[in-house]
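With mmCIF, C-alpha atoms inside, this is query-v2.cif:
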data_entry
loop_
_atom_site.label_atom_id
_atom_site.label_comp_id
_atom_site.auth_asym_id
_atom_site.auth_seq_id
_atom_site.Cartn_x
_atom_site.Cartn_y
_atom_site.Cartn_z
CA MET T 9 8.17 209.48 261.45
CA GLU T 10 5.61 209.91 258.69
CA GLY T 11 6.90 211.89 255.76
CA MET T 12 10.56 211.17 256.52
CA LYS T 13 12.72 210.58 253.48
CA LEU T 14 15.80 208.46 253.24
CA PRO T 15 18.91 210.61 253.03
CA ARG T 16 20.38 210.53 249.54
CA PRO T 17 23.82 208.89 249.55
CA PRO T 18 26.63 210.27 247.36
CA LEU T 19 25.55 208.49 244.17
CA PRO T 20 27.56 208.84 240.94
CA VAL T 21 26.46 211.39 238.38
CA PHE T 22 26.30 210.28 234.75
CA SER T 23 26.95 212.89 232.09
CA GLY T 24 27.37 210.45 229.20
CA ARG T 25 24.68 210.20 226.56
CA LEU T 26 22.99 207.21 224.90
CA HIS T 27 21.93 205.62 228.20
CA ASP T 28 18.43 205.98 226.84
CA ALA T 29 15.44 203.82 226.01
CA ARG T 30 15.95 203.97 222.24
CA THR T 31 19.53 202.64 222.45
CA ALA T 32 18.49 199.98 224.97
CA THR T 33 15.57 198.91 222.76
CA ALA T 34 17.66 198.69 219.59
CA ILE T 35 20.33 196.54 221.24
CA GLY T 36 17.68 194.60 223.14
CA ARG T 37 16.03 193.46 219.89
CA TRP T 38 19.27 191.85 218.70
CA LEU T 39 19.98 190.38 222.12
CA GLY T 40 16.46 188.96 222.39
CA LEU T 41 16.77 187.30 218.97
CA ALA T 42 20.13 185.75 219.88
CA LEU T 43 18.77 184.44 223.19
CA VAL T 44 15.66 182.96 221.55
CA VAL T 45 17.77 181.11 218.94
CA CYS T 46 20.14 179.95 221.67
CA PHE T 47 17.25 178.72 223.85
CA VAL T 48 15.38 176.84 221.11
CA THR T 49 18.51 175.10 219.79
CA GLY T 50 19.63 174.37 223.36
CA VAL T 51 16.34 172.62 224.14
CA ILE T 52 16.77 170.56 220.95
CA SER T 53 20.29 169.61 222.03
CA HIS T 54 19.21 168.69 225.56
CA TYR T 55 16.42 166.40 224.42
CA GLU T 56 18.71 164.81 221.82
CA GLN T 57 21.12 163.91 224.63
CA HIS T 58 18.63 163.23 227.42
CA PRO T 59 15.26 162.35 225.85
CA PRO T 60 12.27 161.81 228.14
CA ALA T 61 10.74 158.33 228.12
CA TRP T 62 7.96 159.27 225.68
CA LEU T 63 10.54 160.49 223.16
CA ALA T 64 13.34 158.00 223.76
CA ASN T 65 12.52 155.65 220.87
CA SER T 66 11.29 158.12 218.27
CA LEU T 67 14.04 160.71 217.79
CA PRO T 68 14.61 161.32 214.05
CA SER T 69 17.83 160.25 212.35
CA ARG T 70 17.30 162.66 209.46
CA PRO T 71 18.33 165.11 208.21
CA THR T 72 21.85 163.79 208.70
CA TRP T 73 23.12 167.34 209.31
CA GLY T 74 20.31 168.34 211.70
CA TYR T 75 22.26 168.26 214.95
CA ARG T 76 25.27 169.86 213.29
CA LEU T 77 23.12 172.83 212.26
CA SER T 78 21.19 173.22 215.52
CA GLN T 79 24.21 172.92 217.78
CA GLY T 80 26.32 175.17 215.57
CA LEU T 81 23.57 177.80 215.79
CA HIS T 82 23.32 177.26 219.55
CA VAL T 83 26.97 178.00 220.22
CA ALA T 84 27.20 180.78 217.59
CA SER T 85 24.14 182.60 218.95
CA GLY T 86 25.42 182.20 222.52
CA ILE T 87 28.77 183.73 221.57
CA ALA T 88 27.07 186.55 219.65
CA ALA T 89 24.90 187.28 222.71
CA VAL T 90 27.94 188.06 224.87
CA PRO T 91 28.90 191.45 223.31
CA LEU T 92 25.21 192.25 222.92
CA LEU T 93 24.57 191.62 226.62
CA LEU T 94 27.56 193.75 227.63
CA ALA T 95 26.39 196.59 225.36
CA LYS T 96 22.85 196.32 226.70
CA LEU T 97 24.10 196.48 230.28
CA TRP T 98 26.17 199.56 229.42
CA THR T 99 23.10 201.38 228.18
CA VAL T 100 21.07 200.73 231.33
CA TYR T 101 23.53 200.50 234.22
CA PRO T 102 22.97 204.13 235.40
CA ARG T 103 19.49 203.00 236.42
CA LEU T 104 21.09 200.95 239.18
CA PHE T 105 21.72 204.19 241.02
CA VAL T 106 18.21 205.69 241.04
CA TRP T 107 16.99 207.13 244.32
CA PRO T 108 15.01 206.06 246.17
CA PRO T 109 15.96 202.50 245.17
CA LEU T 110 12.40 201.21 245.70
CA ARG T 111 9.45 203.48 245.02
CA SER T 112 6.63 200.97 245.32
CA VAL T 113 5.85 197.28 245.46
CA ARG T 114 5.59 197.20 241.66
CA HIS T 115 8.95 198.95 241.31
CA ALA T 116 10.51 196.49 243.77
CA LEU T 117 9.20 193.49 241.83
CA GLU T 118 10.40 195.00 238.57
CA ARG T 119 13.91 195.51 239.95
CA LEU T 120 13.92 191.99 241.35
CA SER T 121 12.94 190.54 237.96
CA VAL T 122 15.72 192.55 236.29
CA ALA T 123 18.23 191.27 238.85
CA VAL T 124 17.21 187.68 238.09
CA LEU T 125 17.40 188.36 234.34
CA VAL T 126 20.87 189.90 234.49
CA ALA T 127 22.29 187.31 236.87
CA THR T 128 21.00 184.32 234.91
CA ALA T 129 22.05 185.81 231.56
CA LEU T 130 25.60 186.40 232.76
CA LEU T 131 25.87 182.98 234.38
CA GLU T 132 24.28 181.14 231.43
CA LEU T 133 26.42 182.74 228.75
CA PHE T 134 29.76 182.64 230.53
CA THR T 135 29.40 179.07 231.79
CA GLY T 136 28.40 178.14 228.24
CA LEU T 137 31.60 179.74 226.94
CA LEU T 138 33.67 177.81 229.45
CA ASN T 139 31.90 174.59 228.51
CA ALA T 140 32.84 175.19 224.86
CA ALA T 141 36.45 175.32 226.06
CA GLN T 142 35.86 172.25 228.28
CA TRP T 143 36.87 174.12 231.44
CA TYR T 144 34.68 173.54 234.50
CA PRO T 145 35.86 175.60 237.49
CA TRP T 146 32.69 174.95 239.52
CA PRO T 147 31.43 172.16 241.79
CA PHE T 148 28.08 171.52 240.07
CA SER T 149 27.17 169.40 237.05
CA PHE T 150 27.08 171.68 234.02
CA VAL T 151 24.33 170.09 231.89
CA PRO T 152 21.36 170.09 234.34
CA VAL T 153 22.27 173.52 235.75
CA HIS T 154 22.71 175.01 232.27
CA PHE T 155 19.35 173.58 231.17
CA ALA T 156 17.52 174.82 234.27
CA LEU T 157 19.07 178.29 233.99
CA ALA T 158 17.92 178.47 230.36
CA TRP T 159 14.29 178.22 231.48
CA VAL T 160 14.79 180.77 234.26
CA LEU T 161 16.47 183.14 231.82
CA THR T 162 13.73 182.73 229.22
CA GLY T 163 10.97 183.24 231.79
CA SER T 164 12.59 186.35 233.25
CA LEU T 165 13.18 187.71 229.74
CA LEU T 166 9.51 187.27 228.82
CA LEU T 167 8.47 188.94 232.09
CA HIS T 168 10.86 191.84 231.43
CA VAL T 169 9.50 192.33 227.90
CA ALA T 170 5.94 192.28 229.23
CA VAL T 171 6.71 194.89 231.90
CA LYS T 172 8.64 197.10 229.48
CA ALA T 173 6.26 196.65 226.53
CA PRO T 174 4.91 200.25 226.59
CA GLU T 175 8.43 201.68 226.63
CA ILE T 176 9.59 199.26 223.94
CA ARG T 177 6.70 200.31 221.67
CA MET T 178 7.56 203.98 222.23
CA HIS T 179 11.14 203.42 221.02
CA TRP T 180 10.85 200.47 218.59
CA ARG T 181 11.69 202.48 215.46
CA ARG T 182 13.55 205.66 214.66
CA GLY T 183 10.22 207.34 213.90
CA SER T 184 8.49 206.11 217.06
CA PRO T 185 7.09 208.85 219.32
CA GLY T 186 9.49 208.17 222.19
CA THR T 187 12.53 208.24 219.92
CA LEU T 188 11.46 211.49 218.25
CA SER T 189 11.32 213.13 221.67
CA LEU T 190 15.02 212.37 222.32
CA PRO T 191 17.73 214.94 221.45
CA ALA T 192 18.18 214.92 217.67
CA GLU T 193 21.94 215.41 217.97
CA ASP T 194 22.27 212.00 219.66
CA ALA T 195 21.04 210.14 216.56
CA VAL T 196 24.44 210.19 214.81
CA ASP T 197 26.27 208.92 217.91
CA ARG T 198 23.62 206.27 218.47
CA ARG T 199 24.06 204.96 214.93
CA ALA T 200 27.82 204.88 215.45
CA LEU T 201 27.41 202.94 218.70
CA LEU T 202 25.02 200.42 217.12
CA THR T 203 27.40 199.99 214.18
CA ALA T 204 30.26 199.30 216.58
CA VAL T 205 28.19 196.75 218.50
CA GLY T 206 27.13 195.06 215.25
CA THR T 207 30.76 194.94 214.11
CA ALA T 208 31.82 193.33 217.39
CA VAL T 209 29.07 190.72 217.09
CA GLY T 210 30.07 190.00 213.50
CA ALA T 211 33.74 189.71 214.44
CA VAL T 212 33.26 187.20 217.27
CA THR T 213 30.82 185.20 215.13
CA VAL T 214 33.03 185.01 212.04
CA THR T 215 36.13 184.10 214.06
CA THR T 216 34.38 181.27 215.94
CA ALA T 217 31.72 179.88 213.57
CA GLY T 218 34.39 178.18 211.44
CA GLN T 219 34.58 175.36 213.99
CA SER T 220 31.23 174.12 212.62
CA PHE T 221 30.73 176.08 209.37
CA THR T 222 33.83 174.79 207.62
CA PRO T 223 33.90 177.39 204.77
CA LEU T 224 34.94 179.84 207.52
CA SER T 225 37.52 177.48 209.05
CA ARG T 226 40.43 179.66 207.90
CA LEU T 227 39.04 182.47 210.05
CA ASP T 228 38.57 180.19 213.07
CA LEU T 229 40.81 182.28 215.32
CA LEU T 230 38.92 182.48 218.62
CA ALA T 231 37.08 179.14 218.76
CA PRO T 232 38.51 176.46 221.09
CA ARG T 233 38.46 173.89 218.25
CA HIS T 234 39.58 173.89 214.63
CA PRO T 235 37.72 171.31 212.50
CA ASP T 236 40.93 170.06 210.84
CA HIS T 237 43.08 169.71 213.96
CA GLY T 238 43.24 166.30 215.59
CA PRO T 239 44.14 162.67 214.92
CA GLN T 240 43.18 161.60 211.41
CA ALA T 241 42.26 165.24 210.62
CA LEU T 242 39.32 165.21 213.05
CA PRO T 243 39.12 166.85 216.50
CA VAL T 244 38.88 164.78 219.66
CA ASN T 245 37.24 165.76 222.94
CA ARG T 246 37.89 162.66 225.02
CA THR T 247 41.18 160.88 224.38
CA ALA T 248 41.94 157.21 224.93
CA VAL T 249 44.21 158.15 227.84
CA GLN T 250 41.36 160.02 229.52
CA ALA T 251 39.08 157.03 228.96
CA GLY T 252 41.64 154.54 230.28
CA VAL T 253 41.79 152.59 227.01
CA ASP T 254 45.10 151.32 225.58
CA ALA T 255 46.59 148.36 223.70
CA ARG T 256 46.35 146.13 226.76
CA THR T 257 42.67 146.95 227.20
CA VAL T 258 41.81 145.77 223.67
CA ARG T 259 44.26 142.87 223.43
CA ASP T 260 41.52 140.24 223.71
CA TRP T 261 38.71 142.47 222.48
CA ARG T 262 35.56 140.89 221.12
CA LEU T 263 32.26 142.55 220.31
CA ARG T 264 29.39 141.08 222.31
CA VAL T 265 25.90 141.35 220.74
CA ASP T 266 23.19 140.36 223.20
CA GLY T 267 19.83 139.63 221.63
CA PRO T 268 17.51 136.65 221.25
CA ARG T 269 20.47 134.91 219.54
CA PRO T 270 23.57 136.33 221.29
CA TYR T 271 27.00 136.04 219.71
CA GLU T 272 30.52 137.47 219.75
CA LEU T 273 32.84 138.67 216.98
CA SER T 274 36.55 139.40 216.91
CA LEU T 275 37.91 142.43 215.05
CA ASP T 276 39.05 140.22 212.18
CA GLU T 277 35.60 138.64 211.96
CA LEU T 278 33.99 142.11 211.86
CA ARG T 279 36.30 143.09 209.01
CA GLU T 280 35.17 140.05 207.03
CA LEU T 281 31.51 141.13 207.17
CA PRO T 282 30.08 143.37 204.41
CA GLN T 283 31.59 146.84 204.86
CA ARG T 284 29.73 150.06 204.15
CA GLU T 285 31.14 153.55 203.67
CA VAL T 286 29.22 156.68 204.67
CA VAL T 287 29.97 160.38 204.90
CA LEU T 288 28.62 161.75 208.17
CA PRO T 289 29.50 164.65 210.44
CA ILE T 290 30.67 164.45 214.01
CA ALA T 291 28.89 167.31 215.80
CA CYS T 292 29.80 167.98 219.41
CA VAL T 293 27.96 169.92 222.08
CA GLU T 294 30.89 172.35 222.34
CA GLY T 295 29.95 173.62 218.88
CA TRP T 296 32.54 172.09 216.57
CA SER T 297 31.66 169.69 213.77
CA LYS T 298 33.14 168.15 210.65
CA SER T 299 32.13 165.56 208.07
CA ALA T 300 34.29 162.49 207.57
CA HIS T 301 34.37 159.20 205.67
CA TRP T 302 33.49 156.23 207.88
CA THR T 303 33.71 152.55 207.01
CA GLY T 304 32.25 149.67 209.00
CA VAL T 305 29.37 147.27 209.53
CA ARG T 306 25.78 148.45 209.60
CA ILE T 307 24.30 148.23 213.08
CA ARG T 308 21.05 146.88 211.72
CA ASP T 309 22.93 143.94 210.12
CA LEU T 310 24.45 143.07 213.49
CA LEU T 311 21.02 143.33 215.14
CA ASP T 312 19.33 141.17 212.50
CA ARG T 313 21.94 138.49 213.08
CA SER T 314 21.01 138.51 216.79
CA GLY T 315 17.27 138.27 216.05
CA ALA T 316 16.50 141.75 217.47
CA PRO T 317 12.92 142.97 216.86
CA PRO T 318 12.65 146.04 214.58
CA GLY T 319 11.50 148.52 217.25
CA ALA T 320 13.92 147.60 220.03
CA LEU T 321 16.08 150.07 221.91
CA ILE T 322 19.78 149.24 221.88
CA ARG T 323 22.14 149.74 224.81
CA VAL T 324 25.74 150.42 223.76
CA THR T 325 28.53 149.92 226.31
CA SER T 326 32.06 151.26 225.96
CA LEU T 327 35.36 149.89 227.18
CA GLU T 328 36.13 153.15 228.94
CA ARG T 329 36.35 152.78 232.69
CA HIS T 330 34.30 155.80 233.71
CA GLY T 331 32.43 158.72 232.23
CA ALA T 332 28.90 160.07 231.93
CA TYR T 333 28.47 158.57 228.46
CA ARG T 334 30.16 155.19 228.95
CA VAL T 335 26.72 153.61 228.38
CA MET T 336 24.44 154.97 225.66
CA VAL T 337 20.91 153.96 224.65
CA MET T 338 20.18 154.15 220.92
CA PRO T 339 16.59 154.48 219.63
CA HIS T 340 15.53 152.13 216.86
CA THR T 341 15.26 155.10 214.47
CA TYR T 342 19.06 155.34 214.59
CA ALA T 343 19.87 151.66 215.04
CA ARG T 344 17.84 150.72 211.95
CA ASP T 345 19.03 153.62 209.80
CA PRO T 346 21.20 152.28 206.94
CA LEU T 347 23.78 155.02 207.59
CA THR T 348 24.40 153.99 211.21
CA LEU T 349 27.61 151.98 211.44
CA LEU T 350 29.83 150.23 213.87
CA ALA T 351 32.77 152.04 212.31
CA LEU T 352 36.17 150.40 211.97
CA ARG T 353 37.89 152.93 209.70
CA LEU T 354 38.03 156.72 209.46
CA ASN T 355 39.02 158.56 206.28
CA GLY T 356 40.38 155.35 204.79
CA GLU T 357 42.52 154.40 207.80
CA PRO T 358 41.90 152.10 210.79
CA LEU T 359 40.48 154.00 213.74
CA SER T 360 43.12 155.48 216.01
CA PHE T 361 42.77 154.87 219.74
CA ASP T 362 41.61 158.45 220.26
CA HIS T 363 38.83 157.93 217.72
CA GLY T 364 37.59 154.72 219.30
CA HIS T 365 39.73 151.78 218.14
CA PRO T 366 38.77 149.02 217.69
CA ALA T 367 35.16 150.07 216.93
CA ARG T 368 32.85 153.00 217.48
CA ILE T 369 29.33 154.16 216.69
CA ILE T 370 28.67 156.68 213.94
CA ALA T 371 25.04 157.64 213.31
CA PRO T 372 23.31 160.50 211.48
CA ASN T 373 21.90 163.49 213.36
CA ARG T 374 23.29 162.57 216.79
CA PRO T 375 25.35 164.51 219.35
CA GLY T 376 29.02 163.57 219.39
CA VAL T 377 28.85 162.40 223.01
CA LEU T 378 26.43 159.67 221.88
CA GLN T 379 28.70 158.45 219.07
CA THR T 380 30.16 155.94 221.51
CA LYS T 381 33.83 155.05 221.14
CA TRP T 382 35.62 151.81 222.14
CA VAL T 383 32.39 149.81 221.79
CA ALA T 384 32.42 146.48 223.67
CA ARG T 385 28.77 145.47 223.72
CA LEU T 386 25.46 145.93 221.91
CA GLU T 387 22.45 144.87 223.97
CA VAL T 388 18.89 144.56 222.71
CA LEU T 389 16.45 145.96 225.28
#
Would you mind giving the structure from this file in structure tokens?
Amino acid sequence: MEGMKLPRPPLPVFSGRLHDARTATAIGRWLGLALVVCFVTGVISHYEQHPPAWLANSLPSRPTWGYRLSQGLHVASGIAAVPLLLAKLWTVYPRLFVWPPLRSVRHALERLSVAVLVATALLELFTGLLNAAQWYPWPFSFVPVHFALAWVLTGSLLLHVAVKAPEIRMHWRRGSPGTLSLPAEDAVDRRALLTAVGTAVGAVTVTTAGQSFTPLSRLDLLAPRHPDHGPQALPVNRTAVQAGVDARTVRDWRLRVDGPRPYELSLDELRELPQREVVLPIACVEGWSKSAHWTGVRIRDLLDRSGAPPGALIRVTSLERHGAYRVMVMPHTYARDPLTLLALRLNGEPLSFDHGHPARIIAPNRPGVLQTKWVARLEVL
């Protein structure tokens, strides 16, 4: 039995060019950059939404546009990574058909790491795209799975770069030794391919980034949201119908503030309190964002009236009947910020039901899912 070789199956033969290390390295640099930006901004977003206990009461409320920038970059870099990943896979897919498939233990581990990298990259990016469109055709909870996959993807990417480091160095630049050894006639076609890939990345970025970068909103052709489309010229993710809130729900509405000196206020009584106007963006995890004019009562004024201590966490409860964000905990850094309002008006008009009538939270540098709508109760913890 010793010395026997596995019979070679009828594997496909590839005559196309540019399935080489230089092309893979050039595209891989762009893909790696996009994935790193996507990972870092995704971690920021996750901890903004689900802070660990040690961070829960110290998240920063400034800059006011911080979450808008980080989440816009997260979604834009994720979208840009899709054509880059497809191009990268095109350059290397003939290597799937090498024979023998496993030459050694090291080769087997390398192929296993590549399989994990490719599988997690495809799953992470395409589930992220579907989340941006708010379509969830799977049985698992998106947020924890997406976060866990991000770490697996990043770890497998770092392992892949470490294993391929010698080859990457050989083909990092046009004048690198490995690249100079490739057929010179392929250089023109390689540049054309890289230009085409760059154009595709630019096209999908420009036609989707307008959902958060409003100067490009007129080119917002492929994004699932347009920043100007929605009630009161502002998009809505969760409508009042979806939340189970209507005129009957708010007929006898009163705001309950539970602190050392608890009290209740009707909508008319809230309107009689000093009103503040702020310009703040709504920035949602799906990538869209837009600034708007908000008018209402400062949260810190309501807390002072209840005798709340300066460093207290605040629990905010919505009228909505169900939902992952029906209850939100607000750190004191937001609750005490002078720009954080219990908003009653949007762009000069009373809040519509879809935007949280009779009252909602608006705070600087917070994810949209934590800008609680249909507020019924503020509780000092």
| Selection dump of the PyMOL selection byres ((chain T and resi 304) around 10), as number ranges by chain | T: 278-279, 281-286, 302-303, 305-307, 348-354, 367-370
Report the residues retrieved by the PyMOL selection byres ((chain T and resi 163) around 12) from the displayed file, expressed as a PDB file with C-alpha atoms, in the frame of the given file.
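In the end it all went to out.pdb:
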ATOM      1  CA  LEU T  43      18.770 184.440 223.190  1.00  0.00           C
ATOM      2  CA  VAL T  44      15.660 182.960 221.550  1.00  0.00           C
ATOM      3  CA  PHE T  47      17.250 178.720 223.850  1.00  0.00           C
ATOM      4  CA  SER T 121      12.940 190.540 237.960  1.00  0.00           C
ATOM      5  CA  VAL T 122      15.720 192.550 236.290  1.00  0.00           C
ATOM      6  CA  VAL T 124      17.210 187.680 238.090  1.00  0.00           C
ATOM      7  CA  LEU T 125      17.400 188.360 234.340  1.00  0.00           C
ATOM      8  CA  THR T 128      21.000 184.320 234.910  1.00  0.00           C
ATOM      9  CA  ALA T 129      22.050 185.810 231.560  1.00  0.00           C
ATOM     10  CA  ALA T 156      17.520 174.820 234.270  1.00  0.00           C
ATOM     11  CA  LEU T 157      19.070 178.290 233.990  1.00  0.00           C
ATOM     12  CA  ALA T 158      17.920 178.470 230.360  1.00  0.00           C
ATOM     13  CA  TRP T 159      14.290 178.220 231.480  1.00  0.00           C
ATOM     14  CA  VAL T 160      14.790 180.770 234.260  1.00  0.00           C
ATOM     15  CA  LEU T 161      16.470 183.140 231.820  1.00  0.00           C
ATOM     16  CA  THR T 162      13.730 182.730 229.220  1.00  0.00           C
ATOM     17  CA  SER T 164      12.590 186.350 233.250  1.00  0.00           C
ATOM     18  CA  LEU T 165      13.180 187.710 229.740  1.00  0.00           C
ATOM     19  CA  LEU T 166       9.510 187.270 228.820  1.00  0.00           C
ATOM     20  CA  LEU T 167       8.470 188.940 232.090  1.00  0.00           C
ATOM     21  CA  HIS T 168      10.860 191.840 231.430  1.00  0.00           C
ATOM     22  CA  VAL T 169       9.500 192.330 227.900  1.00  0.00           C
ATOM     23  CA  ALA T 170       5.940 192.280 229.230  1.00  0.00           C
TER      24      ALA T 170
END
| request: Taking the file above as input, evaluate the PyMOL selection byres ((chain T and resi 66) around 8) and report the hits as a PyMOL selection string. | output: chain T and resi 63-65+67-68+339-341
| atom CA of Leu93 of chain T and atom CA of Ile176 of chain T are how many Å apart? |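 Interatomic distance here is 17.0 Å.
Atom pair atom CA of Thr215 of chain T / atom CA of Leu227 of chain T has a distance of 5.2 Å (rounded to one decimal).
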| said: Please return as a VMD selection string every residue within 12 Å of (29.9, 155.8, 230.6), taking into account only C-alpha atoms and the file's own coordinates. | reply: chain T and resid 246 251 to 252 323 to 337 377 to 384
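Atom CA of Ser299 of chain T lies 28.2 Å from atom CA of Ala320 of chain T.
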| For Gly295 of chain T, the nearest of the candidates T:Ala61, T:Pro18, T:Gly218, T:Val90, counting all atoms listed in the file |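 Smallest distance to Gly295 of chain T is found for T:Gly218.
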| query | Looking at T:His179, T:His234, T:Arg385, T:His154, which one is nearest to Gly267 of chain T, with distances taken over only C-alpha atoms? | reply |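 Comparing T:His179, T:His234, T:Arg385, T:His154 against Gly267 of chain T, the winner is T:Arg385.
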Centre and edges of the segment 28-32 of chain T box, axis-aligned, 3 Å extra per side, as JSON:
{"center_x": 17.5, "center_y": 203.0, "center_z": 224.5, "size_x": 10.1, "size_y": 12.0, "size_z": 10.6}
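Near Val265 of chain T, within a cut-off of 7 Å and counting all atoms listed in the file, sit the residues T:Tyr271, T:Glu272, T:Ser314, T:Arg385, T:Leu386, T:Glu387, with same-chain residues fewer than 6 positions away left out.
Taking only C-alpha atoms into account, Ala141 of chain T lies nearest to T:Cys292 out of the set T:Ala192, T:Cys292, T:Val126, T:Leu77.
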| Out of T:Trp62, T:Trp107, T:Cys46, T:Lys298, which residue has the shortest atom-to-atom distance to Ser78 of chain T when counting all atoms listed in the file? | T:Cys46
| task | Compare T:Val258, T:Leu188, T:Ala89, T:Leu39 by their minimum atom-to-atom distance to Val212 of chain T, counting all atoms listed in the file, and give me the closest one. | result |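 Of all the options, T:Ala89 lies closest to Val212 of chain T.
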| message | Calculated over all atoms listed in the file, which of the candidates T:Leu275, T:Leu117, T:Ala211, T:Ala95 has the smallest distance to Val171 of chain T? | response | T:Leu117
| task | Take the point (27.9, 190.7, 218.3) as written in the file and pick out every residue within 12 Å of it, counting only C-alpha atoms; give the list as an NGL selection string. | result | :T and (35-36 or 38-39 or 41-42 or 84-96 or 202-216)
| task | Can you pull out every residue within 10 Å of Tyr75 of chain T, counting all atoms listed in the file, but drop anything in the same chain fewer than 2 positions away, and send it as number ranges by chain? | result | T: 49, 52-53, 56, 69-73, 77-81, 289-293, 297, 372-376
Taking only N, CA, C and O atoms, show segment 127-141 of chain T of the given structure as a CSV table (one decimal), in the first residue's frame.
chain,number,residue,atom,x,y,z
T,127,ALA,N,-16.1,31.3,4.4
T,127,ALA,CA,-17.5,31.1,4.9
T,127,ALA,C,-18.0,32.2,5.8
T,127,ALA,O,-19.1,32.7,5.6
T,128,THR,N,-17.1,32.6,6.7
T,128,THR,CA,-17.6,33.7,7.6
T,128,THR,C,-17.7,35.0,6.9
T,128,THR,O,-18.6,35.8,7.2
T,129,ALA,N,-16.8,35.3,5.9
T,129,ALA,CA,-16.8,36.6,5.2
T,129,ALA,C,-18.1,36.6,4.4
T,129,ALA,O,-18.8,37.7,4.4
T,130,LEU,N,-18.5,35.5,3.7
T,130,LEU,CA,-19.7,35.5,2.9
T,130,LEU,C,-20.9,35.7,3.8
T,130,LEU,O,-21.8,36.5,3.5
T,131,LEU,N,-20.9,35.0,4.9
T,131,LEU,CA,-22.1,35.0,5.8
T,131,LEU,C,-22.2,36.4,6.5
T,131,LEU,O,-23.3,37.0,6.5
T,132,GLU,N,-21.1,36.9,6.9
T,132,GLU,CA,-21.1,38.2,7.6
T,132,GLU,C,-21.6,39.3,6.7
T,132,GLU,O,-22.4,40.2,7.1
T,133,LEU,N,-21.0,39.4,5.5
T,133,LEU,CA,-21.4,40.5,4.6
T,133,LEU,C,-22.8,40.4,4.1
T,133,LEU,O,-23.5,41.4,4.0
T,134,PHE,N,-23.2,39.2,3.7
T,134,PHE,CA,-24.5,39.1,3.1
T,134,PHE,C,-25.7,39.2,4.1
T,134,PHE,O,-26.7,39.7,3.9
T,135,THR,N,-25.4,38.7,5.3
T,135,THR,CA,-26.4,38.9,6.4
T,135,THR,C,-26.5,40.4,6.8
T,135,THR,O,-27.5,40.9,7.1
T,136,GLY,N,-25.3,41.1,6.7
T,136,GLY,CA,-25.3,42.5,7.0
T,136,GLY,C,-26.1,43.3,6.0
T,136,GLY,O,-26.8,44.2,6.3
T,137,LEU,N,-25.9,42.9,4.7
T,137,LEU,CA,-26.7,43.5,3.7
T,137,LEU,C,-28.2,43.4,3.9
T,137,LEU,O,-29.0,44.3,3.7
T,138,LEU,N,-28.6,42.2,4.2
T,138,LEU,CA,-30.0,41.9,4.5
T,138,LEU,C,-30.5,42.6,5.7
T,138,LEU,O,-31.7,43.1,5.8
T,139,ASN,N,-29.7,42.8,6.7
T,139,ASN,CA,-30.1,43.6,7.9
T,139,ASN,C,-30.3,45.0,7.5
T,139,ASN,O,-31.3,45.7,8.0
T,140,ALA,N,-29.5,45.6,6.6
T,140,ALA,CA,-29.7,46.9,6.2
T,140,ALA,C,-31.0,47.1,5.5
T,140,ALA,O,-31.6,48.2,5.5
T,141,ALA,N,-31.5,46.1,4.9
T,141,ALA,CA,-32.8,46.1,4.2
T,141,ALA,C,-33.9,45.6,5.2
T,141,ALA,O,-35.1,45.5,4.8
